[in-house]
Amino acid sequence: MTGCLRTLFVAVPVLWVALANAGPLLAMLRISLMQVYPGPPGAAPAFSLDAYASFWQEAGYRASLLRSLGLAAASTAVSLILAYPLAYYVARHVPPARRGRRLMLLIAPFWTSEVLRMFALVLLLSNRGALNFVLRWLGLSETPVHLLYGTGTVLAGMVYTVFLSMLLPLYAAVDRMPAHVLDAAATLGAGAWRRFWRVTLPLTARGVASGAVLTYLSALGVFTAAALLGGVSTLVFATTIADLFGAASGRWPLGAAFGFILLTISTACVAGVAALPALFVPDDRPRRDT
């Protein structure tokens, strides 16, 4: 009976993964290889690689992908710069009794819908928004400053969207870092910056790597920030894919092919980070003496 229960507990999640993930992916792969979707009733589907070839034939498609890769890298870097000191402060300087409440305050804004958060940025940055009102009230600008529909605005929206993916792994890495190691480094005369570069950063490198991967992959698929805060010059690959699926059904093979291209790049990013040698991401887990 125990063996049957164990098999059942394993089979249910495996079946769920197969149906909810592998099934749609295989269906999308099939659509990406079809010349027309849906095909004429009763006719056998014709398969080709025309949809994948279109990516290399159209410079605009490649430009939107490169823009997505660049914005995802920039949002990852900005998130790391903002989240690391915040995670360090909460994990090291906030008393344990208050730490949970501080974390809850940081996480609470992300419980709201991504669309609502992007509309909040629109209200903040529009010509009649709060930021322009403050600029005029301070006398720094007589006319509204156009802040929307630029690369910087899209980047800010992407950081706002994926920030939590960086903050939580960093907090976990800093929180499990032994405090006595920093005390020992200070006792030996190491300054604050030297302790950070030689002790803190190596011990939290795995958290940095995990947060960077999660943030980068999330940023690659961000759609709402580019759609609501960007313009024609900030078109990203996710919005390109959405437009292809939202257009006439004859463009579904193209959208499915582009989706698989993005999935391949994401998988390559994960595989690349996983293959990093231990020299760059040292193992900070305690080891048992043999």
# chains A, B, ... in the order shown; residues from 1 in each chain; ligands from 1

$ closest_atom_pairs --of "stretch 212-235 of chain A" --to "stretch 161-166 of chain A" --cutoff "7 Å" --atoms "only C-alpha atoms" --output "tab-separated table"
residue	atom	partner	partner_atom	distance
A:Ala212	CA	A:Met166	CA	6.5
A:Leu214	CA	A:Ser165	CA	5.8
A:Thr215	CA	A:Ser165	CA	5.3
A:Ser218	CA	A:Val162	CA	6.3
A:Ala219	CA	A:Val162	CA	6.4

$ write_last_selection --atoms "N, CA and C atoms" --output "compact mmCIF listing (two decimals), in the first residue's frame"
# COMPACT_ATOMS: atom_id res chain seq x y z
N ALA A 212 20.16 36.52 -10.57
CA ALA A 212 20.41 37.03 -11.92
C ALA A 212 19.70 36.18 -12.97
N LEU A 214 16.99 34.20 -12.53
CA LEU A 214 15.54 34.39 -12.42
C LEU A 214 15.11 35.74 -12.98
N THR A 215 15.88 36.77 -12.66
CA THR A 215 15.52 38.11 -13.11
C THR A 215 15.66 38.24 -14.62
N SER A 218 12.88 36.31 -16.39
CA SER A 218 11.61 37.02 -16.23
C SER A 218 11.56 38.26 -17.11
N ALA A 219 12.69 38.97 -17.19
CA ALA A 219 12.73 40.21 -17.98
C ALA A 219 12.61 39.92 -19.47

$ residues_around --residues "A:Leu167" --least-positions-apart "5" --cutoff "9 Å" --atoms "only C-alpha atoms" --output "list in words"
Ser79, Leu80, Leu82, Ala83, Tyr84, Leu86, Ala87, Ala172 and Gly211 of chain A

$ residues_around --residues "A:Asn132" --least-positions-apart "3" --cutoff "12 Å" --atoms "only C-alpha atoms" --output "list in words"
Val122, Leu123, Leu124, Leu125, Ser126, Asn127, Arg128, Gly129, Leu135, Arg136, Trp137, Leu138, Gly139, Leu140, Ser141, Glu142, Thr143, Pro144, Val145, His146, Leu147 and Leu148 of chain A

$ write_last_selection --atoms "N, CA and C atoms" --output "PDB file, in the first residue's frame"
ATOM      1  N   VAL A 122       2.292  54.805 -15.365  1.00  0.00           N
ATOM      2  CA  VAL A 122       1.771  55.722 -16.385  1.00  0.00           C
ATOM      3  C   VAL A 122       1.213  56.981 -15.734  1.00  0.00           C
ATOM      4  N   LEU A 123       0.430  56.812 -14.667  1.00  0.00           N
ATOM      5  CA  LEU A 123      -0.125  57.971 -13.952  1.00  0.00           C
ATOM      6  C   LEU A 123       0.977  58.810 -13.312  1.00  0.00           C
ATOM      7  N   LEU A 124       2.037  58.165 -12.886  1.00  0.00           N
ATOM      8  CA  LEU A 124       3.135  58.896 -12.243  1.00  0.00           C
ATOM      9  C   LEU A 124       3.961  59.686 -13.251  1.00  0.00           C
ATOM     10  N   LEU A 125       4.183  59.119 -14.443  1.00  0.00           N
ATOM     11  CA  LEU A 125       5.120  59.704 -15.400  1.00  0.00           C
ATOM     12  C   LEU A 125       4.453  60.450 -16.552  1.00  0.00           C
ATOM     13  N   SER A 126       3.138  60.470 -16.621  1.00  0.00           N
ATOM     14  CA  SER A 126       2.461  61.146 -17.734  1.00  0.00           C
ATOM     15  C   SER A 126       2.658  62.658 -17.652  1.00  0.00           C
ATOM     16  N   ASN A 127       2.261  63.340 -18.721  1.00  0.00           N
ATOM     17  CA  ASN A 127       2.439  64.802 -18.767  1.00  0.00           C
ATOM     18  C   ASN A 127       1.684  65.507 -17.644  1.00  0.00           C
ATOM     19  N   ARG A 128       0.574  64.941 -17.204  1.00  0.00           N
ATOM     20  CA  ARG A 128      -0.183  65.510 -16.091  1.00  0.00           C
ATOM     21  C   ARG A 128      -0.020  64.687 -14.815  1.00  0.00           C
ATOM     22  N   GLY A 129       1.035  63.882 -14.762  1.00  0.00           N
ATOM     23  CA  GLY A 129       1.254  63.009 -13.627  1.00  0.00           C
ATOM     24  C   GLY A 129       1.904  63.712 -12.456  1.00  0.00           C
ATOM     25  N   LEU A 135       7.756  68.815 -10.613  1.00  0.00           N
ATOM     26  CA  LEU A 135       8.744  69.597 -11.353  1.00  0.00           C
ATOM     27  C   LEU A 135       8.251  71.021 -11.604  1.00  0.00           C
ATOM     28  N   ARG A 136       6.986  71.165 -11.966  1.00  0.00           N
ATOM     29  CA  ARG A 136       6.445  72.504 -12.183  1.00  0.00           C
ATOM     30  C   ARG A 136       6.313  73.261 -10.863  1.00  0.00           C
ATOM     31  N   TRP A 137       5.946  72.573  -9.794  1.00  0.00           N
ATOM     32  CA  TRP A 137       5.798  73.223  -8.493  1.00  0.00           C
ATOM     33  C   TRP A 137       7.134  73.733  -7.966  1.00  0.00           C
ATOM     34  N   LEU A 138       8.218  73.013  -8.269  1.00  0.00           N
ATOM     35  CA  LEU A 138       9.552  73.440  -7.855  1.00  0.00           C
ATOM     36  C   LEU A 138      10.152  74.463  -8.800  1.00  0.00           C
ATOM     37  N   GLY A 139       9.474  74.741  -9.896  1.00  0.00           N
ATOM     38  CA  GLY A 139       9.986  75.700 -10.857  1.00  0.00           C
ATOM     39  C   GLY A 139      11.092  75.171 -11.742  1.00  0.00           C
ATOM     40  N   LEU A 140      11.252  73.861 -11.814  1.00  0.00           N
ATOM     41  CA  LEU A 140      12.308  73.267 -12.631  1.00  0.00           C
ATOM     42  C   LEU A 140      11.900  73.106 -14.082  1.00  0.00           C
ATOM     43  N   SER A 141      10.608  73.187 -14.365  1.00  0.00           N
ATOM     44  CA  SER A 141      10.141  73.050 -15.741  1.00  0.00           C
ATOM     45  C   SER A 141       8.813  73.788 -15.887  1.00  0.00           C
ATOM     46  N   GLU A 142       8.708  74.571 -16.972  1.00  0.00           N
ATOM     47  CA  GLU A 142       7.458  75.278 -17.232  1.00  0.00           C
ATOM     48  C   GLU A 142       6.511  74.470 -18.096  1.00  0.00           C
ATOM     49  N   THR A 143       7.058  73.574 -18.885  1.00  0.00           N
ATOM     50  CA  THR A 143       6.240  72.704 -19.745  1.00  0.00           C
ATOM     51  C   THR A 143       6.410  71.263 -19.293  1.00  0.00           C
ATOM     52  N   PRO A 144       5.437  70.417 -19.569  1.00  0.00           N
ATOM     53  CA  PRO A 144       5.549  69.009 -19.159  1.00  0.00           C
ATOM     54  C   PRO A 144       6.757  68.328 -19.800  1.00  0.00           C
ATOM     55  N   VAL A 145       7.442  67.541 -19.007  1.00  0.00           N
ATOM     56  CA  VAL A 145       8.576  66.754 -19.484  1.00  0.00           C
ATOM     57  C   VAL A 145       8.045  65.402 -19.959  1.00  0.00           C
ATOM     58  N   HIS A 146       8.350  65.058 -21.183  1.00  0.00           N
ATOM     59  CA  HIS A 146       7.852  63.813 -21.765  1.00  0.00           C
ATOM     60  C   HIS A 146       8.710  62.649 -21.255  1.00  0.00           C
ATOM     61  N   LEU A 147       8.148  61.890 -20.366  1.00  0.00           N
ATOM     62  CA  LEU A 147       8.873  60.798 -19.719  1.00  0.00           C
ATOM     63  C   LEU A 147       8.451  59.428 -20.221  1.00  0.00           C
ATOM     64  N   LEU A 148       7.276  59.330 -20.798  1.00  0.00           N
ATOM     65  CA  LEU A 148       6.776  58.038 -21.249  1.00  0.00           C
ATOM     66  C   LEU A 148       7.299  57.677 -22.634  1.00  0.00           C
TER      67      LEU A 148
END

$ residues_around --residues "A:Ala72" --least-positions-apart "3" --cutoff "7 Å" --atoms "only C-alpha atoms" --output "list in words"
Ser68, Leu69, Ser75, Thr76, Tyr216, Ala219 and Leu220 of chain A

$ residues_around --residues "stretch 35-47 of chain A" --least-positions-apart "5" --cutoff "12 Å" --atoms "only C-alpha atoms" --output "ChimeraX atom specification"
/A:27-30,52-54,245,248-257

$ write_last_selection --atoms "C-alpha atoms" --output "PDB file, in the first residue's frame"
ATOM      1  CA  ALA A  27       1.574  21.781 -29.791  1.00  0.00           C
ATOM      2  CA  MET A  28       3.350  25.108 -30.294  1.00  0.00           C
ATOM      3  CA  LEU A  29       6.316  23.342 -31.891  1.00  0.00           C
ATOM      4  CA  ARG A  30       3.976  21.628 -34.330  1.00  0.00           C
ATOM      5  CA  TYR A  52      12.130  30.174 -38.598  1.00  0.00           C
ATOM      6  CA  ALA A  53      13.693  31.453 -41.810  1.00  0.00           C
ATOM      7  CA  SER A  54      11.612  34.624 -41.558  1.00  0.00           C
ATOM      8  CA  PHE A 245      -0.662  35.699 -32.208  1.00  0.00           C
ATOM      9  CA  ALA A 248      -4.838  36.881 -38.376  1.00  0.00           C
ATOM     10  CA  SER A 249      -4.529  33.174 -37.666  1.00  0.00           C
ATOM     11  CA  GLY A 250      -2.210  32.761 -40.641  1.00  0.00           C
ATOM     12  CA  ARG A 251       0.624  34.316 -38.572  1.00  0.00           C
ATOM     13  CA  TRP A 252       0.422  31.824 -35.730  1.00  0.00           C
ATOM     14  CA  PRO A 253       3.280  29.671 -37.133  1.00  0.00           C
ATOM     15  CA  LEU A 254       5.505  32.751 -37.079  1.00  0.00           C
ATOM     16  CA  GLY A 255       4.564  33.596 -33.497  1.00  0.00           C
ATOM     17  CA  ALA A 256       5.086  29.991 -32.385  1.00  0.00           C
ATOM     18  CA  ALA A 257       8.505  29.878 -34.051  1.00  0.00           C
TER      19      ALA A 257
END

$ residues_around --residues "A:Val199" --least-positions-apart "5" --cutoff "12 Å" --atoms "only C-alpha atoms" --output "ChimeraX atom specification"
/A:174,177-186,190-194,204-205,282,284

$ residues_around --residues "A:Tyr149" --least-positions-apart "2" --cutoff "8 Å" --atoms "only C-alpha atoms" --output "list of chain:residue names"
A:Leu147, A:Thr151, A:Thr153, A:Val154, A:Leu229, A:Gly230, A:Gly231, A:Thr234

$ atom_distance --atom1 "atom CA of A:Arg176" --atom2 "atom CA of A:Phe110"
24.2 Å

$ closest_residue --among "A:Ala130, A:Leu168, A:Ala226, A:Ala91" --to "A:Val208" --atoms "only C-alpha atoms"
A:Leu168

$ closest_residue --among "A:Leu203, A:Ile107, A:Ala225, A:Leu131" --to "A:Leu155" --atoms "only C-alpha atoms"
A:Ala225

$ closest_residue --among "A:Tyr88, A:Leu228, A:Val270, A:Phe260" --to "A:Glu114" --atoms "only C-alpha atoms"
A:Leu228

$ decode --residues "stretch 25-134 of chain A" --atoms "C-alpha atoms" --output "mmCIF file, in the first residue's frame"
data_model
loop_
_atom_site.group_PDB
_atom_site.id
_atom_site.type_symbol
_atom_site.label_atom_id
_atom_site.label_comp_id
_atom_site.auth_asym_id
_atom_site.auth_seq_id
_atom_site.Cartn_x
_atom_site.Cartn_y
_atom_site.Cartn_z
ATOM 1 C CA LEU A 25 5.024 23.230 -25.931
ATOM 2 C CA LEU A 26 4.731 20.283 -28.295
ATOM 3 C CA ALA A 27 1.574 21.781 -29.791
ATOM 4 C CA MET A 28 3.350 25.108 -30.294
ATOM 5 C CA LEU A 29 6.316 23.342 -31.891
ATOM 6 C CA ARG A 30 3.976 21.628 -34.330
ATOM 7 C CA ILE A 31 2.303 24.928 -35.198
ATOM 8 C CA SER A 32 5.696 26.591 -35.751
ATOM 9 C CA LEU A 33 6.535 23.981 -38.396
ATOM 10 C CA MET A 34 3.256 24.387 -40.297
ATOM 11 C CA GLN A 35 2.998 26.597 -43.354
ATOM 12 C CA VAL A 36 -0.563 27.643 -42.520
ATOM 13 C CA TYR A 37 -2.507 27.332 -39.298
ATOM 14 C CA PRO A 38 -5.244 26.304 -39.235
ATOM 15 C CA GLY A 39 -5.063 24.539 -42.569
ATOM 16 C CA PRO A 40 -7.927 24.006 -44.976
ATOM 17 C CA PRO A 41 -10.567 21.563 -43.656
ATOM 18 C CA GLY A 42 -9.795 17.988 -44.616
ATOM 19 C CA ALA A 43 -6.368 18.816 -46.055
ATOM 20 C CA ALA A 44 -3.166 17.318 -44.680
ATOM 21 C CA PRO A 45 -0.971 19.949 -42.985
ATOM 22 C CA ALA A 46 2.121 21.077 -44.865
ATOM 23 C CA PHE A 47 5.292 21.471 -42.808
ATOM 24 C CA SER A 48 8.315 23.683 -43.444
ATOM 25 C CA LEU A 49 10.900 25.875 -41.732
ATOM 26 C CA ASP A 50 9.640 29.065 -43.365
ATOM 27 C CA ALA A 51 8.626 30.609 -40.037
ATOM 28 C CA TYR A 52 12.130 30.174 -38.598
ATOM 29 C CA ALA A 53 13.693 31.453 -41.810
ATOM 30 C CA SER A 54 11.612 34.624 -41.558
ATOM 31 C CA PHE A 55 13.465 35.550 -38.369
ATOM 32 C CA TRP A 56 16.748 35.811 -40.288
ATOM 33 C CA GLN A 57 15.195 37.474 -43.313
ATOM 34 C CA GLU A 58 13.547 40.368 -41.446
ATOM 35 C CA ALA A 59 15.933 42.763 -39.699
ATOM 36 C CA GLY A 60 13.122 44.163 -37.550
ATOM 37 C CA TYR A 61 12.590 40.810 -35.853
ATOM 38 C CA ARG A 62 16.276 40.483 -35.014
ATOM 39 C CA ALA A 63 16.371 44.057 -33.749
ATOM 40 C CA SER A 64 13.483 43.467 -31.339
ATOM 41 C CA LEU A 65 15.189 40.329 -30.004
ATOM 42 C CA LEU A 66 18.498 42.150 -29.475
ATOM 43 C CA ARG A 67 16.608 44.973 -27.772
ATOM 44 C CA SER A 68 14.955 42.439 -25.458
ATOM 45 C CA LEU A 69 18.307 40.856 -24.609
ATOM 46 C CA GLY A 70 19.831 44.263 -23.858
ATOM 47 C CA LEU A 71 16.916 45.490 -21.753
ATOM 48 C CA ALA A 72 16.824 42.201 -19.841
ATOM 49 C CA ALA A 73 20.548 42.504 -19.059
ATOM 50 C CA ALA A 74 20.150 46.141 -18.023
ATOM 51 C CA SER A 75 17.150 45.406 -15.803
ATOM 52 C CA THR A 76 19.060 42.537 -14.186
ATOM 53 C CA ALA A 77 22.027 44.808 -13.441
ATOM 54 C CA VAL A 78 19.829 47.609 -12.063
ATOM 55 C CA SER A 79 17.845 45.143 -9.948
ATOM 56 C CA LEU A 80 21.072 43.720 -8.521
ATOM 57 C CA ILE A 81 22.407 47.178 -7.652
ATOM 58 C CA LEU A 82 19.139 48.139 -5.934
ATOM 59 C CA ALA A 83 18.315 44.816 -4.284
ATOM 60 C CA TYR A 84 21.701 43.863 -2.820
ATOM 61 C CA PRO A 85 22.002 46.688 -0.256
ATOM 62 C CA LEU A 86 18.307 46.365 0.562
ATOM 63 C CA ALA A 87 18.601 42.609 1.140
ATOM 64 C CA TYR A 88 21.749 43.111 3.196
ATOM 65 C CA TYR A 89 20.076 45.747 5.362
ATOM 66 C CA VAL A 90 17.019 43.616 6.071
ATOM 67 C CA ALA A 91 19.027 40.442 6.739
ATOM 68 C CA ARG A 92 21.793 42.017 8.849
ATOM 69 C CA HIS A 93 20.519 45.219 10.432
ATOM 70 C CA VAL A 94 16.810 44.630 11.065
ATOM 71 C CA PRO A 95 16.088 42.776 14.334
ATOM 72 C CA PRO A 96 14.731 39.258 13.776
ATOM 73 C CA ALA A 97 11.450 40.173 15.467
ATOM 74 C CA ARG A 98 10.809 42.909 12.874
ATOM 75 C CA ARG A 99 12.371 41.201 9.871
ATOM 76 C CA GLY A 100 9.199 39.433 8.765
ATOM 77 C CA ARG A 101 7.187 42.644 8.776
ATOM 78 C CA ARG A 102 9.833 44.500 6.795
ATOM 79 C CA LEU A 103 9.902 41.755 4.215
ATOM 80 C CA MET A 104 6.115 41.811 4.034
ATOM 81 C CA LEU A 105 6.193 45.550 3.327
ATOM 82 C CA LEU A 106 8.671 44.979 0.510
ATOM 83 C CA ILE A 107 6.699 42.104 -1.022
ATOM 84 C CA ALA A 108 3.195 43.570 -0.629
ATOM 85 C CA PRO A 109 3.307 45.872 -3.722
ATOM 86 C CA PHE A 110 4.021 42.848 -5.899
ATOM 87 C CA TRP A 111 0.793 41.166 -4.833
ATOM 88 C CA THR A 112 -1.115 43.531 -7.102
ATOM 89 C CA SER A 113 -1.555 42.845 -10.778
ATOM 90 C CA GLU A 114 1.342 43.670 -13.076
ATOM 91 C CA VAL A 115 -1.052 45.631 -15.272
ATOM 92 C CA LEU A 116 -2.158 47.795 -12.339
ATOM 93 C CA ARG A 117 1.449 48.502 -11.390
ATOM 94 C CA MET A 118 2.283 49.573 -14.933
ATOM 95 C CA PHE A 119 -0.761 51.853 -15.056
ATOM 96 C CA ALA A 120 0.423 53.355 -11.776
ATOM 97 C CA LEU A 121 3.717 54.218 -13.493
ATOM 98 C CA VAL A 122 1.771 55.722 -16.385
ATOM 99 C CA LEU A 123 -0.125 57.971 -13.952
ATOM 100 C CA LEU A 124 3.135 58.896 -12.243
ATOM 101 C CA LEU A 125 5.120 59.704 -15.400
ATOM 102 C CA SER A 126 2.461 61.146 -17.734
ATOM 103 C CA ASN A 127 2.439 64.802 -18.767
ATOM 104 C CA ARG A 128 -0.183 65.510 -16.091
ATOM 105 C CA GLY A 129 1.254 63.009 -13.627
ATOM 106 C CA ALA A 130 2.641 63.482 -10.152
ATOM 107 C CA LEU A 131 6.269 63.796 -11.248
ATOM 108 C CA ASN A 132 5.576 66.575 -13.737
ATOM 109 C CA PHE A 133 3.432 68.322 -11.128
ATOM 110 C CA VAL A 134 6.353 68.312 -8.682
#
